[in-house]
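Trainee: Sharing structure_39.pdb here; it has PDB, C-alpha atoms.
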MODEL        1
ATOM      1  CA  GLN A   1      86.165 104.134  39.446  1.00  0.00           C
ATOM      2  CA  ASP A   2      88.549 105.678  41.931  1.00  0.00           C
ATOM      3  CA  CYS A   3      90.084 109.113  41.406  1.00  0.00           C
ATOM      4  CA  THR A   4      93.753 108.528  42.215  1.00  0.00           C
ATOM      5  CA  ALA A   5      96.108 111.490  42.487  1.00  0.00           C
ATOM      6  CA  SER A   6      97.665 110.683  39.130  1.00  0.00           C
ATOM      7  CA  THR A   7      94.460 110.013  37.213  1.00  0.00           C
ATOM      8  CA  MET A   8      91.827 112.123  38.965  1.00  0.00           C
ATOM      9  CA  LEU A   9      92.313 115.208  36.853  1.00  0.00           C
ATOM     10  CA  ARG A  10      91.926 113.274  33.630  1.00  0.00           C
ATOM     11  CA  LEU A  11      88.895 111.410  34.969  1.00  0.00           C
ATOM     12  CA  CYS A  12      87.228 114.545  36.308  1.00  0.00           C
ATOM     13  CA  SER A  13      87.954 116.351  33.043  1.00  0.00           C
ATOM     14  CA  LEU A  14      86.157 114.170  30.510  1.00  0.00           C
ATOM     15  CA  SER A  15      87.348 114.647  26.973  1.00  0.00           C
ATOM     16  CA  VAL A  16      84.955 115.734  24.275  1.00  0.00           C
ATOM     17  CA  ALA A  17      85.262 112.280  22.785  1.00  0.00           C
ATOM     18  CA  LEU A  18      84.267 110.606  26.045  1.00  0.00           C
ATOM     19  CA  ALA A  19      81.446 113.070  26.555  1.00  0.00           C
ATOM     20  CA  ALA A  20      80.195 112.172  23.093  1.00  0.00           C
ATOM     21  CA  ALA A  21      80.406 108.497  23.960  1.00  0.00           C
ATOM     22  CA  LEU A  22      78.410 109.075  27.127  1.00  0.00           C
ATOM     23  CA  LEU A  23      75.821 111.007  25.163  1.00  0.00           C
ATOM     24  CA  THR A  24      75.547 108.221  22.588  1.00  0.00           C
ATOM     25  CA  LEU A  25      75.227 105.625  25.333  1.00  0.00           C
ATOM     26  CA  ALA A  26      72.528 107.655  27.031  1.00  0.00           C
ATOM     27  CA  MET A  27      70.559 107.997  23.802  1.00  0.00           C
ATOM     28  CA  ALA A  28      70.647 104.240  23.355  1.00  0.00           C
ATOM     29  CA  ALA A  29      69.651 103.416  26.944  1.00  0.00           C
ATOM     30  CA  PRO A  30      66.031 102.207  27.064  1.00  0.00           C
ATOM     31  CA  GLY A  31      65.140 104.315  30.097  1.00  0.00           C
ATOM     32  CA  ALA A  32      66.476 107.504  28.555  1.00  0.00           C
ATOM     33  CA  ALA A  33      64.584 107.483  25.249  1.00  0.00           C
ATOM     34  CA  ALA A  34      61.904 109.970  26.303  1.00  0.00           C
ATOM     35  CA  ALA A  35      64.411 112.485  27.651  1.00  0.00           C
ATOM     36  CA  TYR A  36      66.310 112.551  24.380  1.00  0.00           C
ATOM     37  CA  ALA A  37      63.474 112.415  21.871  1.00  0.00           C
ATOM     38  CA  ALA A  38      64.638 115.811  20.691  1.00  0.00           C
ATOM     39  CA  ALA A  39      68.364 115.122  20.890  1.00  0.00           C
ATOM     40  CA  GLY A  40      69.110 117.995  18.553  1.00  0.00           C
ATOM     41  CA  ALA A  41      68.093 120.385  21.332  1.00  0.00           C
ATOM     42  CA  PHE A  42      71.502 119.849  22.958  1.00  0.00           C
ATOM     43  CA  ARG A  43      75.032 120.520  21.831  1.00  0.00           C
ATOM     44  CA  ARG A  44      77.965 118.624  23.309  1.00  0.00           C
ATOM     45  CA  VAL A  45      80.470 120.641  25.321  1.00  0.00           C
ATOM     46  CA  GLN A  46      83.771 120.097  27.042  1.00  0.00           C
ATOM     47  CA  THR A  47      82.706 118.815  30.431  1.00  0.00           C
ATOM     48  CA  GLN A  48      81.561 121.437  32.907  1.00  0.00           C
ATOM     49  CA  PHE A  49      81.045 120.795  36.609  1.00  0.00           C
ATOM     50  CA  ILE A  50      78.069 121.808  38.720  1.00  0.00           C
ATOM     51  CA  ALA A  51      78.550 122.194  42.472  1.00  0.00           C
ATOM     52  CA  ALA A  52      75.108 121.130  43.675  1.00  0.00           C
ATOM     53  CA  LEU A  53      73.276 121.016  46.978  1.00  0.00           C
ATOM     54  CA  GLY A  54      70.217 118.985  47.879  1.00  0.00           C
ATOM     55  CA  ASP A  55      68.855 115.647  48.984  1.00  0.00           C
ATOM     56  CA  PRO A  56      70.720 112.969  46.992  1.00  0.00           C
ATOM     57  CA  ALA A  57      67.538 110.865  46.912  1.00  0.00           C
ATOM     58  CA  ALA A  58      65.471 113.688  45.382  1.00  0.00           C
ATOM     59  CA  SER A  59      64.521 114.081  41.713  1.00  0.00           C
ATOM     60  CA  ALA A  60      63.462 117.705  42.129  1.00  0.00           C
ATOM     61  CA  GLY A  61      63.810 120.516  44.593  1.00  0.00           C
ATOM     62  CA  SER A  62      64.560 124.184  45.161  1.00  0.00           C
ATOM     63  CA  GLY A  63      67.699 126.142  45.940  1.00  0.00           C
ATOM     64  CA  ALA A  64      69.523 125.741  42.619  1.00  0.00           C
ATOM     65  CA  ASP A  65      70.154 129.480  42.780  1.00  0.00           C
ATOM     66  CA  SER A  66      72.795 128.562  45.381  1.00  0.00           C
ATOM     67  CA  TRP A  67      74.506 126.086  43.035  1.00  0.00           C
ATOM     68  CA  GLY A  68      77.727 126.990  41.257  1.00  0.00           C
ATOM     69  CA  ILE A  69      79.385 125.843  38.050  1.00  0.00           C
ATOM     70  CA  TRP A  70      82.947 125.466  36.873  1.00  0.00           C
ATOM     71  CA  ARG A  71      82.925 125.966  33.116  1.00  0.00           C
ATOM     72  CA  ILE A  72      86.618 125.047  32.996  1.00  0.00           C
ATOM     73  CA  ASP A  73      87.919 122.009  34.870  1.00  0.00           C
ATOM     74  CA  PRO A  74      89.241 123.448  38.170  1.00  0.00           C
ATOM     75  CA  GLY A  75      91.414 120.407  38.941  1.00  0.00           C
ATOM     76  CA  PRO A  76      94.401 121.124  36.680  1.00  0.00           C
ATOM     77  CA  ARG A  77      94.174 124.778  37.749  1.00  0.00           C
ATOM     78  CA  GLY A  78      94.344 123.934  41.459  1.00  0.00           C
ATOM     79  CA  VAL A  79      97.110 124.470  43.993  1.00  0.00           C
ATOM     80  CA  ARG A  80      98.274 121.727  46.336  1.00  0.00           C
ATOM     81  CA  LEU A  81      98.049 122.310  50.069  1.00  0.00           C
ATOM     82  CA  ASN A  82     101.812 122.090  50.437  1.00  0.00           C
ATOM     83  CA  HIS A  83     102.115 124.982  47.975  1.00  0.00           C
ATOM     84  CA  PHE A  84      99.801 127.288  49.905  1.00  0.00           C
ATOM     85  CA  ALA A  85     102.714 129.353  51.241  1.00  0.00           C
ATOM     86  CA  GLN A  86     103.763 130.115  47.660  1.00  0.00           C
ATOM     87  CA  LEU A  87     100.162 131.032  46.826  1.00  0.00           C
ATOM     88  CA  GLU A  88     100.105 133.478  49.729  1.00  0.00           C
ATOM     89  CA  ALA A  89     103.495 134.889  48.719  1.00  0.00           C
ATOM     90  CA  SER A  90     102.114 135.600  45.247  1.00  0.00           C
ATOM     91  CA  GLY A  91      99.320 137.701  46.726  1.00  0.00           C
ATOM     92  CA  GLY A  92      96.826 134.910  46.217  1.00  0.00           C
ATOM     93  CA  ARG A  93      97.371 134.718  42.461  1.00  0.00           C
ATOM     94  CA  ALA A  94      97.439 131.069  41.359  1.00  0.00           C
ATOM     95  CA  PRO A  95      99.725 129.943  38.517  1.00  0.00           C
ATOM     96  CA  ALA A  96      96.587 129.354  36.413  1.00  0.00           C
ATOM     97  CA  GLY A  97      95.570 133.001  36.864  1.00  0.00           C
ATOM     98  CA  TRP A  98      92.714 132.786  39.352  1.00  0.00           C
ATOM     99  CA  ASN A  99      92.685 134.650  42.667  1.00  0.00           C
ATOM    100  CA  PHE A 100      92.472 132.938  46.045  1.00  0.00           C
ATOM    101  CA  ASP A 101      89.770 134.368  48.327  1.00  0.00           C
ATOM    102  CA  PRO A 102      90.746 133.882  51.996  1.00  0.00           C
ATOM    103  CA  HIS A 103      87.144 134.567  53.031  1.00  0.00           C
ATOM    104  CA  GLU A 104      85.675 131.720  50.943  1.00  0.00           C
ATOM    105  CA  TRP A 105      87.936 129.011  49.601  1.00  0.00           C
ATOM    106  CA  TRP A 106      87.444 125.581  48.092  1.00  0.00           C
ATOM    107  CA  LEU A 107      89.095 122.173  48.314  1.00  0.00           C
ATOM    108  CA  GLU A 108      88.657 118.982  46.335  1.00  0.00           C
ATOM    109  CA  GLU A 109      89.132 115.363  47.366  1.00  0.00           C
ATOM    110  CA  HIS A 110      92.902 115.248  46.979  1.00  0.00           C
ATOM    111  CA  GLY A 111      93.548 118.446  48.910  1.00  0.00           C
ATOM    112  CA  LEU A 112      93.852 120.746  45.902  1.00  0.00           C
ATOM    113  CA  ILE A 113      92.827 124.334  46.564  1.00  0.00           C
ATOM    114  CA  MET A 114      90.421 125.276  43.782  1.00  0.00           C
ATOM    115  CA  GLU A 115      89.098 128.475  42.333  1.00  0.00           C
ATOM    116  CA  LYS A 116      85.514 129.280  43.249  1.00  0.00           C
ATOM    117  CA  PRO A 117      82.801 128.194  40.809  1.00  0.00           C
ATOM    118  CA  ASP A 118      80.618 130.808  39.162  1.00  0.00           C
ATOM    119  CA  PHE A 119      77.350 131.502  40.989  1.00  0.00           C
ATOM    120  CA  PRO A 120      74.562 130.913  40.285  1.00  0.00           C
ATOM    121  CA  VAL A 121      74.007 128.240  37.654  1.00  0.00           C
ATOM    122  CA  GLN A 122      71.924 129.933  34.981  1.00  0.00           C
ATOM    123  CA  PRO A 123      68.333 128.771  34.390  1.00  0.00           C
ATOM    124  CA  GLY A 124      68.013 126.342  31.498  1.00  0.00           C
ATOM    125  CA  ARG A 125      68.335 122.683  30.585  1.00  0.00           C
ATOM    126  CA  TYR A 126      71.576 120.753  30.969  1.00  0.00           C
ATOM    127  CA  LEU A 127      72.520 117.252  29.893  1.00  0.00           C
ATOM    128  CA  VAL A 128      74.107 115.783  33.024  1.00  0.00           C
ATOM    129  CA  THR A 129      75.709 112.567  34.221  1.00  0.00           C
ATOM    130  CA  GLY A 130      77.586 111.129  37.149  1.00  0.00           C
ATOM    131  CA  GLY A 131      79.770 109.073  34.828  1.00  0.00           C
ATOM    132  CA  ARG A 132      77.952 105.889  35.835  1.00  0.00           C
ATOM    133  CA  GLU A 133      74.682 104.461  34.486  1.00  0.00           C
ATOM    134  CA  THR A 134      72.548 107.597  34.341  1.00  0.00           C
ATOM    135  CA  THR A 135      72.573 110.484  31.894  1.00  0.00           C
ATOM    136  CA  THR A 136      69.543 112.755  31.915  1.00  0.00           C
ATOM    137  CA  VAL A 137      68.262 116.308  31.582  1.00  0.00           C
ATOM    138  CA  LEU A 138      68.517 118.756  34.462  1.00  0.00           C
ATOM    139  CA  THR A 139      66.098 121.680  34.260  1.00  0.00           C
ATOM    140  CA  ILE A 140      66.585 124.797  36.390  1.00  0.00           C
ATOM    141  CA  ASP A 141      64.000 127.586  36.368  1.00  0.00           C
ATOM    142  CA  GLY A 142      64.317 131.255  37.186  1.00  0.00           C
ATOM    143  CA  ALA A 143      63.196 130.722  40.777  1.00  0.00           C
ATOM    144  CA  GLY A 144      65.955 128.202  41.463  1.00  0.00           C
ATOM    145  CA  ASN A 145      63.740 125.146  41.248  1.00  0.00           C
ATOM    146  CA  TRP A 146      65.387 122.097  39.680  1.00  0.00           C
ATOM    147  CA  ASN A 147      64.170 118.844  38.193  1.00  0.00           C
ATOM    148  CA  LEU A 148      65.829 115.729  36.776  1.00  0.00           C
ATOM    149  CA  ALA A 149      64.054 113.930  33.926  1.00  0.00           C
ATOM    150  CA  ASN A 150      62.876 110.314  34.015  1.00  0.00           C
ATOM    151  CA  GLY A 151      62.851 110.102  37.792  1.00  0.00           C
ATOM    152  CA  ALA A 152      66.639 110.264  38.076  1.00  0.00           C
ATOM    153  CA  LYS A 153      67.927 111.132  41.543  1.00  0.00           C
ATOM    154  CA  LEU A 154      70.568 113.701  42.357  1.00  0.00           C
ATOM    155  CA  HIS A 155      72.753 110.825  43.555  1.00  0.00           C
ATOM    156  CA  ASP A 156      72.472 109.189  40.121  1.00  0.00           C
ATOM    157  CA  VAL A 157      74.112 112.168  38.402  1.00  0.00           C
ATOM    158  CA  THR A 158      76.696 112.826  41.106  1.00  0.00           C
ATOM    159  CA  HIS A 159      80.235 111.773  40.251  1.00  0.00           C
ATOM    160  CA  LEU A 160      81.111 110.122  43.539  1.00  0.00           C
ATOM    161  CA  PRO A 161      84.949 110.163  43.326  1.00  0.00           C
ATOM    162  CA  CYS A 162      84.928 113.937  42.820  1.00  0.00           C
ATOM    163  CA  ARG A 163      84.303 115.751  46.086  1.00  0.00           C
ATOM    164  CA  SER A 164      84.258 119.474  46.776  1.00  0.00           C
ATOM    165  CA  ALA A 165      83.626 121.769  49.707  1.00  0.00           C
ATOM    166  CA  ARG A 166      83.534 125.476  50.469  1.00  0.00           C
ATOM    167  CA  TYR A 167      85.315 126.696  53.599  1.00  0.00           C
ATOM    168  CA  VAL A 168      84.469 130.012  55.267  1.00  0.00           C
ATOM    169  CA  PRO A 169      86.608 131.172  58.224  1.00  0.00           C
ATOM    170  CA  VAL A 170      84.650 131.833  61.412  1.00  0.00           C
ATOM    171  CA  ALA A 171      85.025 135.148  63.200  1.00  0.00           C
ATOM    172  CA  GLY A 172      88.294 135.438  65.064  1.00  0.00           C
ATOM    173  CA  ALA A 173      89.885 132.358  63.481  1.00  0.00           C
ATOM    174  CA  ARG A 174      92.527 132.093  60.793  1.00  0.00           C
ATOM    175  CA  GLY A 175      90.643 129.330  59.005  1.00  0.00           C
ATOM    176  CA  SER A 176      93.059 128.955  56.106  1.00  0.00           C
ATOM    177  CA  PRO A 177      94.292 126.075  53.945  1.00  0.00           C
ATOM    178  CA  ALA A 178      97.360 126.119  56.197  1.00  0.00           C
ATOM    179  CA  ASP A 179      95.099 124.575  58.858  1.00  0.00           C
ATOM    180  CA  ALA A 180      94.008 121.674  56.635  1.00  0.00           C
ATOM    181  CA  ARG A 181      95.577 118.284  57.429  1.00  0.00           C
ATOM    182  CA  PRO A 182      97.148 116.601  54.394  1.00  0.00           C
ATOM    183  CA  SER A 183      96.577 113.257  56.137  1.00  0.00           C
ATOM    184  CA  ASP A 184      92.802 113.770  55.656  1.00  0.00           C
ATOM    185  CA  PHE A 185      93.233 113.313  51.913  1.00  0.00           C
ATOM    186  CA  PRO A 186      92.327 111.688  49.608  1.00  0.00           C
ATOM    187  CA  VAL A 187      88.654 111.561  50.543  1.00  0.00           C
ATOM    188  CA  THR A 188      86.761 108.302  50.046  1.00  0.00           C
ATOM    189  CA  PRO A 189      84.501 108.434  46.954  1.00  0.00           C
ATOM    190  CA  GLY A 190      81.097 109.649  48.097  1.00  0.00           C
ATOM    191  CA  GLY A 191      82.458 110.600  51.518  1.00  0.00           C
ATOM    192  CA  ALA A 192      82.323 113.924  53.304  1.00  0.00           C
ATOM    193  CA  MET A 193      85.094 116.443  52.906  1.00  0.00           C
ATOM    194  CA  PRO A 194      87.160 116.866  56.084  1.00  0.00           C
ATOM    195  CA  PRO A 195      86.650 119.746  58.487  1.00  0.00           C
ATOM    196  CA  VAL A 196      89.308 122.443  58.725  1.00  0.00           C
ATOM    197  CA  GLU A 197      89.964 124.121  62.058  1.00  0.00           C
ATOM    198  CA  GLY A 198      88.523 127.615  62.208  1.00  0.00           C
ATOM    199  CA  CYS A 199      86.169 127.127  59.243  1.00  0.00           C
ATOM    200  CA  GLU A 200      82.555 126.437  58.508  1.00  0.00           C
ATOM    201  CA  LYS A 201      82.316 123.808  55.768  1.00  0.00           C
ATOM    202  CA  GLN A 202      79.692 123.175  53.099  1.00  0.00           C
ATOM    203  CA  ASP A 203      79.964 120.014  51.008  1.00  0.00           C
ATOM    204  CA  PHE A 204      78.750 120.119  47.406  1.00  0.00           C
ATOM    205  CA  TRP A 205      77.888 117.273  45.050  1.00  0.00           C
ATOM    206  CA  VAL A 206      79.764 117.338  41.736  1.00  0.00           C
ATOM    207  CA  VAL A 207      77.594 116.826  38.640  1.00  0.00           C
ATOM    208  CA  PHE A 208      79.080 116.562  35.140  1.00  0.00           C
ATOM    209  CA  VAL A 209      77.487 118.696  32.410  1.00  0.00           C
ATOM    210  CA  ILE A 210      78.134 117.193  28.959  1.00  0.00           C
ATOM    211  CA  GLY A 211      75.530 119.071  26.904  1.00  0.00           C
ATOM    212  CA  LEU A 212      73.899 122.509  26.784  1.00  0.00           C
ATOM    213  CA  GLU A 213      70.705 123.616  25.136  1.00  0.00           C
ATOM    214  CA  ALA A 214      71.399 124.574  21.537  1.00  0.00           C
ATOM    215  CA  GLU A 215      69.361 127.768  21.855  1.00  0.00           C
ATOM    216  CA  ALA A 216      71.456 128.742  24.897  1.00  0.00           C
ATOM    217  CA  GLU A 217      74.592 129.163  22.726  1.00  0.00           C
TER     218      GLU A 217
ENDMDL
END
Translate this file's structure into structure tokens.

Mentor:
Amino acid sequence: QDCTASTMLRLCSLSVALAAALLTLAMAAPGAAAAYAAAGAFRRVQTQFIAALGDPAASAGSGADSWGIWRIDPGPRGVRLNHFAQLEASGGRAPAGWNFDPHEWWLEEHGLIMEKPDFPVQPGRYLVTGGRETTTVLTIDGAGNWNLANGAKLHDVTHLPCRSARYVPVAGARGSPADARPSDFPVTPGGAMPPVEGCEKQDFWVVFVIGLEAEAE
């Protein structure tokens, strides 16, 4: 599915009902039976969003201590590039109440300036999906090692239409959203986020979290 400007926010903010449907579908999928043998170990949540790094073909790796998480959908809380002047005039305070950090700022695939995710993702087990065929369990340990159950790959649980990147101004450059080109958006699903003059860019995969460990409540 494509994330159009008018539907992206709804798509990237799955409702509880849709999350429940995804969970039910995952439980019924033949390849997922082992991962959900103890289904009661998870509770459904309003969709959260992990900003992940790593090899998309990998099922496990390290470095999850550098992953972030949005516990509230950042899309509806974002600011459009053509409203950046108003954001600056407000002292960096977005209408949704978050504060813009000029030293580390985020964009999504339609050119919305987003609040930063929370870092790091806490150790634990998460029920994750990319909104396609695969729903599985992501385990993160205290050392930042991560693992996806049943041989799932990071690509399998990445929601391809949702793209995100962190931009950090280089020394001596303005490197602000004012330097981003609106013509670079929207970004093709699965594609790289565009560069912004005067910034170093780090792309992150977006992984949907639809369930948390019950004991982690």

Trainee: Would you work out the distance separating CA of Pro169 in chain A from CA of Ser183 in chain A, expressed in Å to one decimal?

Mentor: 20.6 Å

Trainee: Can you give me, as a ChimeraX atom specification, the residues this file yields under the PyMOL selection byres ((chain A and resi 194) around 12)?

Mentor: /A:106-111,163-167,177,179-188,191-193,195-197,199-203

Trainee: Need the shell around Leu212 in chain A: protein/DNA/RNA residues with any atom at most 12 Å away, counting all atoms listed in the file. Skip same-chain ones fewer than 6 positions apart. Format as an MDAnalysis selection string?

Mentor: chainID A and resid 23 39:48 71 122:128 136:139

Trainee: What does the structure give for the distance between CA of Gly142 in chain A and CA of Pro120 in chain A, in Å to one decimal?

Mentor: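 Separation between CA of Gly142 in chain A and CA of Pro120 in chain A: 10.7 Å.
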
Trainee: Apply the PyMOL selection byres ((chain A and resi 103) around 9) to the structure shown and report the selected residues as a list in words.

Mentor: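 Residues picked by the PyMOL selection byres ((chain A and resi 103) around 9): Phe100, Asp101, Pro102, Glu104, Trp105, Tyr167, Val168, Pro169, Gly175 and Ser176 of chain A.
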
Trainee: What lies within 9 Å of Pro56 in chain A using only C-alpha atoms, ignoring chain neighbours under 3 positions off, as a compact mmCIF listing (two decimals) with C-alpha atoms, in the coordinates of the input?

Mentor:
# COMPACT_ATOMS: atom_id res chain seq x y z
CA LEU A 53 73.28 121.02 46.98
CA SER A 59 64.52 114.08 41.71
CA LYS A 153 67.93 111.13 41.54
CA LEU A 154 70.57 113.70 42.36
CA HIS A 155 72.75 110.82 43.56
CA ASP A 156 72.47 109.19 40.12
CA THR A 158 76.70 112.83 41.11
CA TRP A 205 77.89 117.27 45.05

Trainee: Pick the closest to Gly172 in chain A from A:Gly92, A:Gly211, A:Gly54, A:Gly198: which is it, counting all atoms listed in the file?

Mentor: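 Counting all atoms listed in the file, the residue closest to Gly172 in chain A is A:Gly198.
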
Trainee: Residue by residue, what does the PyMOL selection byres ((chain A and resi 143-145) around 6) grab here? Present the result as a list in words.

Mentor: Gly61, Ser62, Gly63, Ala64, Asp65, Ile140, Asp141, Gly142 and Trp146 of chain A

Trainee: For CA of Val79 in chain A and CA of Thr129 in chain A, quote the distance in Å rounded to one decimal.

Mentor: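 A separation of 26.4 Å between them.
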
Trainee: Which one is closest to Ile50 in chain A: A:Ile113, A:Val121, A:Ala178, A:Ile210? Count only C-alpha atoms.

Mentor: A:Val121

Trainee: Could you check the closest approach to Arg93 in chain A for each of A:Glu213, A:Glu115, A:Glu133, A:Asp73 and tell me which residue wins, using all atoms listed in the file?

Mentor: A:Glu115

Trainee: Name the residues in contact with Gly130 in chain A at a cut-off of 8 Å, using only C-alpha atoms, excluding same-chain residues fewer than 3 positions from it; report them as a list of chain:residue names.

Mentor: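 Once the adjacent positions are removed, what remains is A:Glu133, A:Thr134, A:Thr135, A:Asp156, A:Val157, A:Thr158, A:His159, A:Leu160, A:Val207, A:Phe208.
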
Trainee: For C-alpha atoms, I'd like the residues from the last selection saved as a CSV table (one decimal), in the frame of the given file.

Mentor:
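The resulting result.csv:
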chain,number,residue,atom,x,y,z
A,133,GLU,CA,74.7,104.5,34.5
A,134,THR,CA,72.5,107.6,34.3
A,135,THR,CA,72.6,110.5,31.9
A,156,ASP,CA,72.5,109.2,40.1
A,157,VAL,CA,74.1,112.2,38.4
A,158,THR,CA,76.7,112.8,41.1
A,159,HIS,CA,80.2,111.8,40.3
A,160,LEU,CA,81.1,110.1,43.5
A,207,VAL,CA,77.6,116.8,38.6
A,208,PHE,CA,79.1,116.6,35.1
